[in-house]
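Structure record follows, encoded as structure tokens.
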Amino acid sequence: MLKASLITAVLAAFCGTALAFPSYGSLAGLSKRELDEILPTLTRRETQNPPGPLNFTGTKLVNDAAHPWKPLAPGDIRGPCPGLNTLASHGWLPRSGIASPAQIINAVQEGFNMANSLAIFITYAAFLVDGNVITNELSIGQKTARTGPDPPAPAIVGGLNTHAVFEGDASMTRGDFFFGNNHDFNETLFDEFVDFSNRFGAGKYNLTVAGELRFQRIQDSIATNPTFSFVSPRYFTAYAESVFPIKFFVDGRQADGQLDLDVARGFFQNSRMPPNFHRANQSMTATGDRVVAAAHPIQPGRNVGGVNNYVLDPTSADFSAPCLLYQNFVNQTIRGLYPNPTGVLREALNINLNFLFQGSNSPGCTQIFPYGQN
């Protein structure tokens, strides 16, 4: 569902002004001096604990009278993740496209029957890189004027559309960032989605199609995108992205792993559930991602120096080292964005990093405390 959005990956923040800096924008990348000026002006909103698992995890009608599809109102935000876009357009998320982590976790559970641990991990991974940990607000799409004046680079204020921290290359229905639009529906790529579904799935999208299409999209990017990168976390979210439509866009009463192409277009292009749509008939994880990867194995890497020069990256996590995904994300991505947080920012980061580890569901992994403990 998510473009790398695993996860990839969901998001940006509201804004205000204080000393000419955004009090509700992302604070990532600010210098110590700038943080010393800004942080005393901020009031941290009370952080909500992640919602727990659903009491009822069977199928149910989710395109119902309380959650009708509505067209975008002026100012509504949508982004690269068809699943989140659809939940917002049906009112499971705020239709504005601005939400808290708890709202996102509730929405993907209630609307799609996503497993609680997966929902928590994906949401907080996205929130920590693209959201506002002070105000507990984030956007599912593009940069917006509501984020206020830009902080100095390399701060992130761009929402899920922001490239290379959570969103990534080789999406099924969105173009690579290098080509100028990584968030809008791409008809050419969807035509490829349909072609592969007809060739390998008898007119349906399924795990067999997913394995073939995922490999093709990687090869497309290697051949055309000189900046193509396929390392953690995108390495994981790309394969999860391939599985999510089978898990979450197939009616729960059908439950055969065969996605109709008209239904797929509704989700991918129009952010719309089909009439009388029922969510999955059980709590769903990302199982199947390794099946997709095994169809055409490829190791993490990136193009170096131009197209068709894919160089492996042995430092990136892959399926043989799942704990390294968490370690890389915290030690490299988060610490790179927030090298020296203090005060309420440090407190908020620590709280949300705890939630991230809670959702990792990896009993063999050791929790990391990059900023100590509150």
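Ordering of the structure tokens sets the chain letters (A, B, ...); residue numbers start at 1 within each chain; ligands are numbered from 1 in the order shown.
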
Write out as a PDB file with C-alpha atoms, in the first residue's frame which residues come within 6 Å of stretch 350-366 of chain A when counting only C-alpha atoms, dropping same-chain ones fewer than 4 positions away.
ATOM      1  CA  SER A 117       2.376  -4.255  14.873  1.00  0.00           C
ATOM      2  CA  ILE A 120       2.594   0.877  14.294  1.00  0.00           C
ATOM      3  CA  PHE A 121       5.978   0.250  12.669  1.00  0.00           C
ATOM      4  CA  TYR A 124       6.108   5.738  13.227  1.00  0.00           C
ATOM      5  CA  CYS A 323      17.480  -6.194  12.725  1.00  0.00           C
TER       6      CYS A 323
END

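By only C-alpha atoms, and with residues fewer than 5 positions from stretch 100-108 of chain A along its chain excluded, the set lying at most 6 Å from it is Pro50, Trp92, Leu93, Met114, Ala119, Asn136 and Glu137 of chain A.
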
Would you save the residues of that selection, restricted to all heavy atoms, as a PDB file, in the first residue's frame?
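Wrote it out as again28.pdb, contents follow:
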ATOM      1  N   PRO A  50       0.140   4.420  20.904  1.00  0.00           N
ATOM      2  CA  PRO A  50      -0.427   3.790  19.713  1.00  0.00           C
ATOM      3  C   PRO A  50      -1.671   2.987  20.064  1.00  0.00           C
ATOM      4  O   PRO A  50      -1.720   2.318  21.107  1.00  0.00           O
ATOM      5  CB  PRO A  50       0.702   2.860  19.234  1.00  0.00           C
ATOM      6  CG  PRO A  50       1.942   3.358  19.885  1.00  0.00           C
ATOM      7  CD  PRO A  50       1.513   3.977  21.176  1.00  0.00           C
ATOM      8  N   TRP A  92     -11.956   7.638   6.553  1.00  0.00           N
ATOM      9  CA  TRP A  92     -11.351   6.866   7.640  1.00  0.00           C
ATOM     10  C   TRP A  92     -10.186   7.635   8.242  1.00  0.00           C
ATOM     11  O   TRP A  92      -9.885   7.491   9.433  1.00  0.00           O
ATOM     12  CB  TRP A  92     -10.905   5.498   7.141  1.00  0.00           C
ATOM     13  CG  TRP A  92     -12.031   4.543   6.892  1.00  0.00           C
ATOM     14  CD1 TRP A  92     -12.587   4.220   5.681  1.00  0.00           C
ATOM     15  CD2 TRP A  92     -12.773   3.809   7.875  1.00  0.00           C
ATOM     16  NE1 TRP A  92     -13.628   3.329   5.846  1.00  0.00           N
ATOM     17  CE2 TRP A  92     -13.762   3.054   7.188  1.00  0.00           C
ATOM     18  CE3 TRP A  92     -12.701   3.708   9.261  1.00  0.00           C
ATOM     19  CZ2 TRP A  92     -14.658   2.215   7.843  1.00  0.00           C
ATOM     20  CZ3 TRP A  92     -13.598   2.870   9.919  1.00  0.00           C
ATOM     21  CH2 TRP A  92     -14.549   2.143   9.219  1.00  0.00           C
ATOM     22  N   LEU A  93      -9.536   8.441   7.437  1.00  0.00           N
ATOM     23  CA  LEU A  93      -8.579   9.444   7.886  1.00  0.00           C
ATOM     24  C   LEU A  93      -9.217  10.816   7.696  1.00  0.00           C
ATOM     25  O   LEU A  93     -10.161  10.955   6.900  1.00  0.00           O
ATOM     26  CB  LEU A  93      -7.296   9.383   7.042  1.00  0.00           C
ATOM     27  CG  LEU A  93      -6.245   8.348   7.398  1.00  0.00           C
ATOM     28  CD1 LEU A  93      -5.131   8.356   6.355  1.00  0.00           C
ATOM     29  CD2 LEU A  93      -5.673   8.593   8.786  1.00  0.00           C
ATOM     30  N   MET A 114      -5.220  -4.032   8.724  1.00  0.00           N
ATOM     31  CA  MET A 114      -3.777  -4.211   8.848  1.00  0.00           C
ATOM     32  C   MET A 114      -3.436  -4.624  10.273  1.00  0.00           C
ATOM     33  O   MET A 114      -4.023  -4.129  11.237  1.00  0.00           O
ATOM     34  CB  MET A 114      -3.038  -2.915   8.499  1.00  0.00           C
ATOM     35  CG  MET A 114      -1.513  -3.039   8.562  1.00  0.00           C
ATOM     36  SD  MET A 114      -0.637  -1.500   8.160  1.00  0.00           S
ATOM     37  CE  MET A 114      -0.886  -1.424   6.386  1.00  0.00           C
ATOM     38  N   ALA A 119       1.092  -1.851  11.443  1.00  0.00           N
ATOM     39  CA  ALA A 119       0.567  -0.485  11.379  1.00  0.00           C
ATOM     40  C   ALA A 119       1.404   0.466  12.218  1.00  0.00           C
ATOM     41  O   ALA A 119       1.709   1.588  11.794  1.00  0.00           O
ATOM     42  CB  ALA A 119      -0.890  -0.476  11.849  1.00  0.00           C
ATOM     43  N   ASN A 136       2.693  16.454  16.812  1.00  0.00           N
ATOM     44  CA  ASN A 136       2.027  15.175  16.568  1.00  0.00           C
ATOM     45  C   ASN A 136       1.119  15.231  15.335  1.00  0.00           C
ATOM     46  O   ASN A 136       0.084  14.581  15.275  1.00  0.00           O
ATOM     47  CB  ASN A 136       1.211  14.756  17.790  1.00  0.00           C
ATOM     48  CG  ASN A 136       1.171  13.253  17.981  1.00  0.00           C
ATOM     49  OD1 ASN A 136       2.170  12.568  17.752  1.00  0.00           O
ATOM     50  ND2 ASN A 136       0.038  12.728  18.400  1.00  0.00           N
ATOM     51  N   GLU A 137       1.541  16.004  14.337  1.00  0.00           N
ATOM     52  CA  GLU A 137       0.767  16.157  13.116  1.00  0.00           C
ATOM     53  C   GLU A 137       1.631  15.795  11.913  1.00  0.00           C
ATOM     54  O   GLU A 137       2.836  16.037  11.911  1.00  0.00           O
ATOM     55  CB  GLU A 137       0.283  17.606  12.946  1.00  0.00           C
ATOM     56  CG  GLU A 137      -0.656  18.086  14.030  1.00  0.00           C
ATOM     57  CD  GLU A 137      -2.065  17.551  13.853  1.00  0.00           C
ATOM     58  OE1 GLU A 137      -2.318  16.846  12.866  1.00  0.00           O
ATOM     59  OE2 GLU A 137      -2.915  17.849  14.708  1.00  0.00           O
TER      60      GLU A 137
END

A:Gly111, A:Gly141, A:Gly168, A:Pro274 ranked by distance to A:Arg302, top pick (using only C-alpha atoms):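 Checking each candidate against A:Arg302, we get A:Gly168 as the closest.
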
Members of stretch 175-308 of chain A assigned helix (DSSP H, G or I) by DSSP, as a count of residues only: 68

Distance criterion (only C-alpha atoms): nearest to A:Gly305 out of A:Ala73, A:Ile222, A:Leu128, A:Leu325: A:Ile222

Close residues, A:Ile98 itself excluded, 8 Å, only C-alpha atoms, min 6 positions apart in chain, as a list in words: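 Answer for this query is Ala13, Ile77, Glu137, Leu138, Ser139 and Ile140 of chain A.
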
Spatial neighbours of stretch 309-319 of chain A, 10 Å, only C-alpha atoms, chain gap at least 4 places, as a ChimeraX atom specification: /A:219,222-223,226,228-233,235-236,289-290,293,298-305,323-329

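With distances restricted to only C-alpha atoms, A:Val307 is the closest residue to A:Phe178 from A:Leu61, A:Leu259, A:Leu349, A:Val307.
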
Shell of 12 Å around A:Arg78, only C-alpha atoms, local chain residues under 3 positions omitted, as a PyMOL selection string: chain A and resi 10-12+71-75+81-89+93-99+139-144+159-161+183-185+268-271

Deliver the residues from the most recent selection as a file, using N, CA and C atoms, as a compact mmCIF listing (two decimals), in the first residue's frame.
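Generated output (result_22.txt):
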# COMPACT_ATOMS: atom_id res chain seq x y z
N VAL A 10 4.63 8.61 6.58
CA VAL A 10 3.66 8.90 5.57
C VAL A 10 3.64 10.38 5.43
N LEU A 11 5.03 12.04 5.34
CA LEU A 11 4.11 12.96 6.00
C LEU A 11 4.78 14.29 6.45
N ALA A 12 4.12 15.39 6.60
CA ALA A 12 4.72 16.66 7.06
C ALA A 12 3.89 17.31 8.15
N PRO A 71 -15.03 13.69 -3.48
CA PRO A 71 -13.93 14.34 -4.21
C PRO A 71 -13.18 15.29 -3.29
N LEU A 72 -11.97 15.65 -3.71
CA LEU A 72 -11.15 16.53 -2.89
C LEU A 72 -11.80 17.90 -2.75
N ALA A 73 -11.76 18.43 -1.56
CA ALA A 73 -12.14 19.82 -1.32
C ALA A 73 -10.89 20.68 -1.51
N PRO A 74 -11.05 21.97 -1.74
CA PRO A 74 -9.87 22.83 -1.87
C PRO A 74 -8.96 22.71 -0.66
N GLY A 75 -7.69 22.47 -0.93
CA GLY A 75 -6.70 22.35 0.15
C GLY A 75 -6.46 20.95 0.65
N CYS A 81 0.89 7.37 -1.63
CA CYS A 81 0.39 6.11 -1.10
C CYS A 81 -1.09 5.93 -1.43
N PRO A 82 -1.42 5.04 -2.36
CA PRO A 82 -2.83 4.84 -2.73
C PRO A 82 -3.71 4.43 -1.55
N GLY A 83 -3.16 3.64 -0.63
CA GLY A 83 -3.95 3.18 0.50
C GLY A 83 -4.35 4.32 1.41
N LEU A 84 -3.39 5.15 1.80
CA LEU A 84 -3.71 6.29 2.66
C LEU A 84 -4.59 7.29 1.93
N ASN A 85 -4.33 7.51 0.64
CA ASN A 85 -5.18 8.41 -0.13
C ASN A 85 -6.63 7.94 -0.08
N THR A 86 -6.83 6.63 -0.26
CA THR A 86 -8.18 6.08 -0.27
C THR A 86 -8.84 6.21 1.10
N LEU A 87 -8.11 5.93 2.15
CA LEU A 87 -8.68 6.06 3.49
C LEU A 87 -9.09 7.49 3.79
N ALA A 88 -8.31 8.46 3.28
CA ALA A 88 -8.67 9.87 3.49
C ALA A 88 -9.89 10.24 2.64
N SER A 89 -9.96 9.76 1.41
CA SER A 89 -11.08 10.11 0.55
C SER A 89 -12.39 9.46 1.00
N LEU A 93 -9.54 8.44 7.44
CA LEU A 93 -8.58 9.44 7.89
C LEU A 93 -9.22 10.82 7.70
N PRO A 94 -8.73 11.84 8.37
CA PRO A 94 -9.23 13.18 8.06
C PRO A 94 -9.11 13.46 6.56
N ARG A 95 -10.18 13.95 5.96
CA ARG A 95 -10.18 14.17 4.52
C ARG A 95 -9.18 15.24 4.09
N SER A 96 -8.72 16.04 5.02
CA SER A 96 -7.70 17.05 4.71
C SER A 96 -6.37 16.43 4.32
N GLY A 97 -6.12 15.19 4.76
CA GLY A 97 -4.81 14.57 4.53
C GLY A 97 -3.80 14.90 5.61
N ILE A 98 -4.23 15.55 6.67
CA ILE A 98 -3.37 15.85 7.83
C ILE A 98 -3.89 15.01 8.99
N ALA A 99 -3.00 14.22 9.62
CA ALA A 99 -3.45 13.29 10.65
C ALA A 99 -2.38 13.07 11.69
N SER A 139 1.42 15.02 7.28
CA SER A 139 0.67 15.10 6.03
C SER A 139 0.95 13.88 5.18
N ILE A 140 -0.06 13.39 4.48
CA ILE A 140 0.12 12.21 3.64
C ILE A 140 0.60 12.57 2.24
N GLY A 141 0.91 13.82 2.00
CA GLY A 141 1.30 14.22 0.66
C GLY A 141 2.36 15.30 0.59
N GLN A 142 2.07 16.33 -0.19
CA GLN A 142 3.09 17.28 -0.59
C GLN A 142 3.33 18.36 0.45
N LYS A 143 4.38 19.12 0.18
CA LYS A 143 4.66 20.32 0.95
C LYS A 143 3.47 21.25 0.82
N THR A 144 3.15 21.92 1.90
CA THR A 144 1.99 22.80 1.89
C THR A 144 2.34 24.11 2.57
N GLY A 159 6.44 16.31 3.56
CA GLY A 159 5.46 15.25 3.60
C GLY A 159 5.94 13.98 2.92
N LEU A 160 5.01 13.07 2.69
CA LEU A 160 5.37 11.78 2.10
C LEU A 160 5.98 11.91 0.72
N ASN A 161 5.72 13.02 0.03
CA ASN A 161 6.31 13.21 -1.29
C ASN A 161 7.82 13.37 -1.21
N HIS A 183 4.70 11.29 -7.08
CA HIS A 183 3.53 11.15 -6.23
C HIS A 183 2.20 11.00 -6.98
N ASP A 184 2.10 11.49 -8.20
CA ASP A 184 0.84 11.38 -8.93
C ASP A 184 0.76 10.04 -9.67
N PHE A 185 -0.47 9.59 -9.87
CA PHE A 185 -0.73 8.38 -10.64
C PHE A 185 -0.11 8.51 -12.03
N PHE A 268 -5.66 2.94 -7.05
CA PHE A 268 -4.42 3.59 -7.44
C PHE A 268 -4.65 4.98 -8.03
N GLN A 269 -5.66 5.13 -8.87
CA GLN A 269 -5.86 6.40 -9.56
C GLN A 269 -6.86 7.31 -8.87
N ASN A 270 -7.96 6.74 -8.39
CA ASN A 270 -9.06 7.56 -7.91
C ASN A 270 -9.21 7.58 -6.39
N SER A 271 -8.36 6.84 -5.68
CA SER A 271 -8.43 6.79 -4.21
C SER A 271 -9.83 6.38 -3.77

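Interatomic distance, atom CA of A:Ile218 to atom CA of A:Arg199: 18.3 Å.
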
Selected residue of minimal separation from A:Gly288 among A:Gln373, A:Ser171, A:Thr208, A:Gln109, counting only C-alpha atoms: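 For A:Gly288, the nearest of the given residues is A:Thr208.
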
Computed interatomic separation between atom CA of A:Phe267 and atom CA of A:Pro80 (Å):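 Rounded to one decimal, the two atoms are 11.8 Å apart.
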
Test item: residues at most 12 Å from A:Phe56, only C-alpha atoms, excluding those fewer than 3 positions along its chain, as a ChimeraX atom specification: /A:52-53,59-60,109-110,113,115,279-283

Pick from A:Lys70, A:His90, A:Lys204, A:Arg174 nearest to A:Val263, counting only C-alpha atoms: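 Selected residue with least distance to A:Val263: A:Lys204.
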
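Among A:Arg272, A:Val133, A:Pro322, A:Asp256, the residue with the shortest atom-to-atom distance to A:Gly91, counting only C-alpha atoms, is A:Arg272.
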